[in-house]
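Let me begin by presenting the structure, written as structure tokens, before commenting on it.
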Amino acid sequence: MADLSTHYLGLKLANPLVPSASPLSKDLDTAKRLEDLGAAALVMYSLFEEKIEAEHQQMERFFYQQALGHGEADSFHPVPEFVLTYQDQYLEHLSKLKAALNIPVIASLNGTSTSGWVDYGKQLQQAGADALELNIYQLAANAEDSSETVENRYLEILAALKAQVSVPITLKLSSQFSSPIHFAKRLEAAGAQGIAIFNRFYQPDIDLETLEVVPTLTLSTASEALLRIRWTALLYGRTSLSLAVTGGFHQTPDIIKALLAGADVVHLCSVLLKQGPGRLYELLVELEQWLLEHEY
């Protein structure tokens with residue numbers, strides 16, 4: 001039997017296949033099935049600060065209306081004794097995943113403010129996360145911002161969080177940075193333990209019927225893998241960061257190429273959403289067969 005073990009973010013994993021942040025981790029039974037099928041770790045679906053803030057504002061409006069009073073209508077709008085918020089639900093689910101699984105659980109965080117990154121990062125660590133994946137999306141639309149300014153925002157978030165948490169931190173990077181290798185080395189110097197290349201963001205589209213801007217996110221295709229493989233090869237040996245590839249890994253040959261190029265782990269998402277969790281086991285078997293056939 002081939003040795004498929006690897007190290008990622010200081011964690012020893014049984015193999016390099018890791019389901020990335022997706023709705024699959026929202027269901028406890030599905031998460032347990034992924035583990036049974038061979039998932040070496042699990043990245044939990046993202047916690048979004050903007051969603052927490054939107055819910056908070058909605059609740060403030062509700063309680064403000066209650067405080068005003070509506071006479072005989074009050075009985076139709078009772079004040080709940082306990083509210084399980086989106087944030088509470090996420091932290092509770094993280095704790096349940098940690099209790100149910102024997103593999104590392106990496107929490108994914110998408111913040112909008114420095115205080116949010118820090119506060120929610122600390123809470124994720126307290127809830128049991130083995131590592132944090134920072135899912136940063138800051139659109140560089142200001143003509144006055146240089147590439148260094150954009151990079152510095154990432155570094156500021158990382159520094160603030162590193163000062164407050166002890167678990168490993170990895171950053172999910174866009175493919176749009178002007179000098180990815182230089183930036184990776186800056187992240188390493190600032191204390192990051194890893195990077196995942198490359199993130200796939202929601203993109204604005206135009207609904208031709210309503211003439212409104214709508215967000216869209218299409219599932220990846222295998223054609224996207226080569227870009228990740230290329231930059232993994234360019235990064236390998238130039239940084240001690242753990243390297244994860246994400247986006248477009250649907251086929252065993254591409255997974256093998258990424259590992260040969262220097263990736264520590266391969267994140268899987270779209271292929272599992274399209275073909276089901278069972279595809280993970282098939283990829284794992286095919287990977288092991290290739291290694292045995294080529295005497296690794």
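By convention in this document, the chains of the structure tokens carry letters A, B, ... by their order, each chain's residues are numbered from 1, and ligands are numbered from 1 in the order they are shown.
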Considering only C-alpha atoms, return as a short mmCIF file (atom, residue, chain, number, x, y, z; two decimals) with N, CA and C atoms, in the first residue's frame whatever protein or nucleic-acid residues lie within 10 Å of range 165-172 of chain A, sequence-local ones (same chain, fewer than 6 positions apart) excluded.
```
data_model
loop_
_atom_site.label_atom_id
_atom_site.label_comp_id
_atom_site.auth_asym_id
_atom_site.auth_seq_id
_atom_site.Cartn_x
_atom_site.Cartn_y
_atom_site.Cartn_z
N TYR A 8 0.02 19.39 6.44
CA TYR A 8 -0.60 20.63 5.99
C TYR A 8 -0.88 21.50 7.21
N LEU A 9 -0.33 22.69 7.22
CA LEU A 9 -0.51 23.64 8.33
C LEU A 9 -0.04 23.04 9.66
N GLY A 10 0.98 22.20 9.57
CA GLY A 10 1.49 21.57 10.78
C GLY A 10 0.68 20.37 11.23
N LEU A 11 -0.36 20.03 10.49
CA LEU A 11 -1.22 18.88 10.82
C LEU A 11 -0.82 17.70 9.96
N ILE A 106 -11.08 22.63 9.65
CA ILE A 106 -10.54 23.96 9.40
C ILE A 106 -11.72 24.91 9.19
N ALA A 107 -11.81 25.96 9.98
CA ALA A 107 -12.91 26.92 9.86
C ALA A 107 -12.55 27.99 8.84
N SER A 108 -13.51 28.32 7.99
CA SER A 108 -13.31 29.35 6.97
C SER A 108 -14.00 30.63 7.41
N LEU A 109 -13.28 31.74 7.33
CA LEU A 109 -13.81 33.02 7.81
C LEU A 109 -13.71 34.08 6.73
N VAL A 118 -10.69 39.51 13.90
CA VAL A 118 -10.10 39.11 15.18
C VAL A 118 -11.14 38.45 16.09
N ASP A 119 -12.27 39.12 16.28
CA ASP A 119 -13.28 38.61 17.21
C ASP A 119 -13.81 37.24 16.78
N GLY A 121 -12.44 35.19 14.60
CA GLY A 121 -11.35 34.22 14.56
C GLY A 121 -11.11 33.60 15.92
N LYS A 122 -11.16 34.43 16.97
CA LYS A 122 -10.98 33.93 18.34
C LYS A 122 -12.11 32.98 18.72
N GLN A 123 -13.32 33.31 18.31
CA GLN A 123 -14.46 32.46 18.63
C GLN A 123 -14.38 31.11 17.91
N LEU A 124 -13.90 31.13 16.68
CA LEU A 124 -13.74 29.88 15.94
C LEU A 124 -12.69 28.99 16.60
N GLN A 125 -11.62 29.60 17.07
CA GLN A 125 -10.61 28.83 17.79
C GLN A 125 -11.19 28.23 19.07
N GLN A 126 -11.95 29.04 19.81
CA GLN A 126 -12.55 28.57 21.05
C GLN A 126 -13.55 27.45 20.82
N GLY A 128 -13.19 25.15 18.70
CA GLY A 128 -12.49 23.91 18.41
C GLY A 128 -11.81 23.80 17.07
N ALA A 129 -11.83 24.85 16.26
CA ALA A 129 -11.20 24.78 14.94
C ALA A 129 -9.72 24.43 15.07
N ASP A 130 -9.26 23.50 14.22
CA ASP A 130 -7.85 23.11 14.23
C ASP A 130 -6.98 24.11 13.49
N ALA A 131 -7.59 24.89 12.61
CA ALA A 131 -6.88 25.92 11.85
C ALA A 131 -7.92 26.88 11.30
N LEU A 132 -7.46 28.04 10.83
CA LEU A 132 -8.35 29.02 10.22
C LEU A 132 -7.94 29.26 8.78
N GLU A 133 -8.93 29.30 7.90
CA GLU A 133 -8.69 29.67 6.51
C GLU A 133 -9.35 31.03 6.29
N LEU A 134 -8.54 32.04 5.95
CA LEU A 134 -9.05 33.39 5.74
C LEU A 134 -9.47 33.54 4.29
N ASN A 135 -10.76 33.75 4.12
CA ASN A 135 -11.36 33.89 2.79
C ASN A 135 -11.56 35.38 2.53
N ILE A 136 -10.48 36.06 2.18
CA ILE A 136 -10.49 37.52 2.06
C ILE A 136 -10.89 37.92 0.64
N TYR A 137 -11.85 38.85 0.56
CA TYR A 137 -12.23 39.38 -0.75
C TYR A 137 -12.35 40.89 -0.65
N TYR A 154 -4.15 42.72 3.48
CA TYR A 154 -4.12 41.31 3.85
C TYR A 154 -3.17 41.09 5.03
N LEU A 158 -3.90 39.66 8.81
CA LEU A 158 -3.13 38.52 9.31
C LEU A 158 -2.43 38.86 10.63
N ALA A 184 3.52 35.86 -1.35
CA ALA A 184 3.54 34.67 -0.49
C ALA A 184 4.65 34.76 0.54
N LEU A 187 3.62 37.10 3.28
CA LEU A 187 2.67 36.44 4.18
C LEU A 187 3.39 35.49 5.13
N GLU A 188 4.36 34.76 4.59
CA GLU A 188 5.14 33.84 5.41
C GLU A 188 5.88 34.61 6.51
N GLY A 191 3.78 35.52 9.42
CA GLY A 191 3.30 34.47 10.31
C GLY A 191 2.27 33.52 9.76
N ALA A 192 1.93 33.64 8.48
CA ALA A 192 0.99 32.68 7.90
C ALA A 192 1.63 31.30 7.84
N GLN A 193 0.81 30.27 7.97
CA GLN A 193 1.33 28.91 7.85
C GLN A 193 1.07 28.30 6.48
N GLY A 194 0.15 28.90 5.72
CA GLY A 194 -0.14 28.32 4.42
C GLY A 194 -0.92 29.27 3.53
N ILE A 195 -1.05 28.88 2.27
CA ILE A 195 -1.91 29.58 1.32
C ILE A 195 -2.65 28.54 0.48
N ALA A 196 -3.82 28.93 0.00
CA ALA A 196 -4.59 28.10 -0.93
C ALA A 196 -4.75 28.88 -2.22
N ILE A 197 -4.37 28.26 -3.34
CA ILE A 197 -4.44 28.95 -4.63
C ILE A 197 -5.31 28.15 -5.61
N PHE A 198 -6.24 28.78 -6.28
CA PHE A 198 -6.65 30.18 -6.13
C PHE A 198 -8.14 30.23 -5.78
N ASN A 199 -8.53 31.28 -5.10
CA ASN A 199 -9.93 31.44 -4.72
C ASN A 199 -10.79 31.72 -5.95
N ARG A 200 -12.05 31.33 -5.86
CA ARG A 200 -13.03 31.62 -6.92
C ARG A 200 -14.16 32.42 -6.26
N LEU A 241 5.70 27.87 3.28
CA LEU A 241 4.26 27.82 3.50
C LEU A 241 3.70 26.49 3.03
N SER A 242 2.69 25.98 3.74
CA SER A 242 1.93 24.84 3.23
C SER A 242 1.18 25.31 1.99
N LEU A 243 1.19 24.47 0.96
CA LEU A 243 0.56 24.85 -0.31
C LEU A 243 -0.65 23.97 -0.58
N ALA A 244 -1.80 24.62 -0.76
CA ALA A 244 -3.02 23.92 -1.15
C ALA A 244 -3.46 24.45 -2.50
N VAL A 245 -3.96 23.56 -3.34
CA VAL A 245 -4.54 23.99 -4.61
C VAL A 245 -6.05 23.83 -4.51
N THR A 246 -6.77 24.78 -5.09
CA THR A 246 -8.22 24.73 -5.02
C THR A 246 -8.81 25.33 -6.28
#
```
Smallest atom-to-atom distance to Asp29 in chain A: which of A:Leu284, A:Leu234, A:Leu101, A:Leu260, using only C-alpha atoms?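 Between A:Leu284, A:Leu234, A:Leu101, A:Leu260, the residue approaching Asp29 in chain A most closely is A:Leu101.
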Mind running range 220-276 of chain A against range 174-181 of chain A at 9 Å and telling me each contacting residue's nearest atom pair with the distance in Å (one decimal), counting only C-alpha atoms, chain and number ascending, as a tab-separated table?
```
residue	atom	partner	partner_atom	distance
A:Leu227	CA	A:Ser175	CA	8.8
A:Arg228	CA	A:Ser175	CA	8.8
A:Trp231	CA	A:Pro180	CA	8.3
A:Leu234	CA	A:Ile181	CA	7.6
A:Leu235	CA	A:Ile181	CA	6.0
A:Arg238	CA	A:Ile181	CA	7.7
A:Thr239	CA	A:Ile181	CA	8.3
```
Store the residues of this selection in a file with N, CA and C atoms, as a compact mmCIF listing (two decimals), in the first residue's frame.
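Listed below is the output, selection-v1.txt:
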```
# COMPACT_ATOMS: atom_id res chain seq x y z
N LEU A 227 -3.68 26.35 -14.23
CA LEU A 227 -3.18 27.60 -13.66
C LEU A 227 -2.69 27.37 -12.23
N ARG A 228 -3.44 26.60 -11.47
CA ARG A 228 -3.05 26.30 -10.09
C ARG A 228 -1.78 25.44 -10.04
N TRP A 231 1.38 27.65 -10.83
CA TRP A 231 1.85 28.53 -9.76
C TRP A 231 2.32 27.74 -8.54
N LEU A 234 5.86 27.05 -9.34
CA LEU A 234 6.68 28.25 -9.19
C LEU A 234 6.91 28.61 -7.72
N LEU A 235 5.94 28.31 -6.88
CA LEU A 235 6.06 28.62 -5.45
C LEU A 235 6.90 27.60 -4.70
N ARG A 238 10.40 27.98 -2.81
CA ARG A 238 10.67 29.40 -2.56
C ARG A 238 10.01 29.90 -1.28
N THR A 239 9.23 29.05 -0.67
CA THR A 239 8.55 29.40 0.58
C THR A 239 8.34 28.13 1.38
```
Could you write out, as a ChimeraX atom specification, all the residues of range 237-270 of chain A that DSSP marks as helix (DSSP H, G or I)? /A:252-261,270
Select from range 57-277 of chain A everything DSSP, run on the backbone, classes as strand (DSSP E), then give the selection as a PyMOL selection string. chain A and resi 105-110+131-134+169-173+194-197+203-207+212-216+242-246+265-268
From the set A:His250, A:Arg153, A:Ala140, A:Val213, which residue has the shortest atom-to-atom contact distance to Gly276 in chain A, counting only C-alpha atoms?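 Selected residue with least distance to Gly276 in chain A: A:His250.
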Measure the distance from CA of Tyr86 in chain A to CA of Ser46 in chain A in Å and round it to one decimal. 11.6 Å
Would you list the contacts of Pro215 in chain A as a compact mmCIF listing (two decimals) with N, CA and C atoms, in the first residue's frame, taking every protein, DNA or RNA residue within 10 Å and counting only C-alpha atoms, but skipping same-chain residues closer than 5 positions in sequence?
```
# COMPACT_ATOMS: atom_id res chain seq x y z
N PHE A 201 -14.33 33.66 -6.70
CA PHE A 201 -15.28 34.55 -6.04
C PHE A 201 -16.60 34.64 -6.81
N TYR A 202 -17.62 35.08 -6.08
CA TYR A 202 -18.85 35.46 -6.76
C TYR A 202 -18.54 36.59 -7.73
N GLN A 203 -19.17 36.55 -8.90
CA GLN A 203 -18.97 37.60 -9.90
C GLN A 203 -20.30 38.28 -10.20
N PRO A 204 -20.29 39.60 -10.37
CA PRO A 204 -21.54 40.29 -10.70
C PRO A 204 -21.97 39.99 -12.13
N ASP A 205 -23.25 39.79 -12.30
CA ASP A 205 -23.83 39.56 -13.62
C ASP A 205 -25.02 40.51 -13.76
N ILE A 206 -25.55 40.62 -14.97
CA ILE A 206 -26.70 41.49 -15.21
C ILE A 206 -27.89 40.65 -15.66
N ASP A 207 -28.97 40.76 -14.91
CA ASP A 207 -30.22 40.09 -15.29
C ASP A 207 -30.88 40.93 -16.37
```
Any idea what's packed within 9 Å of Leu155 in chain A, counting only C-alpha atoms, ignoring anything in its chain fewer than 5 positions away? Could you give it as a list in words? Ala160, Arg186, Leu187 and Ala190 of chain A
Would you output that residue set with N, CA and C atoms, as an mmCIF file, in the first residue's frame?
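Output file part.cif is given in full below:
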```
data_model
loop_
_atom_site.group_PDB
_atom_site.id
_atom_site.type_symbol
_atom_site.label_atom_id
_atom_site.label_comp_id
_atom_site.auth_asym_id
_atom_site.auth_seq_id
_atom_site.Cartn_x
_atom_site.Cartn_y
_atom_site.Cartn_z
ATOM 1 N N ALA A 160 -3.139 41.187 12.864
ATOM 2 C CA ALA A 160 -4.101 41.388 13.952
ATOM 3 C C ALA A 160 -4.610 40.055 14.488
ATOM 4 N N ARG A 186 5.911 37.509 1.752
ATOM 5 C CA ARG A 186 5.509 38.514 2.736
ATOM 6 C C ARG A 186 4.535 37.916 3.753
ATOM 7 N N LEU A 187 3.617 37.097 3.280
ATOM 8 C CA LEU A 187 2.669 36.440 4.178
ATOM 9 C C LEU A 187 3.388 35.488 5.129
ATOM 10 N N ALA A 190 5.037 37.298 7.828
ATOM 11 C CA ALA A 190 4.071 37.857 8.777
ATOM 12 C C ALA A 190 3.436 36.788 9.660
#
```
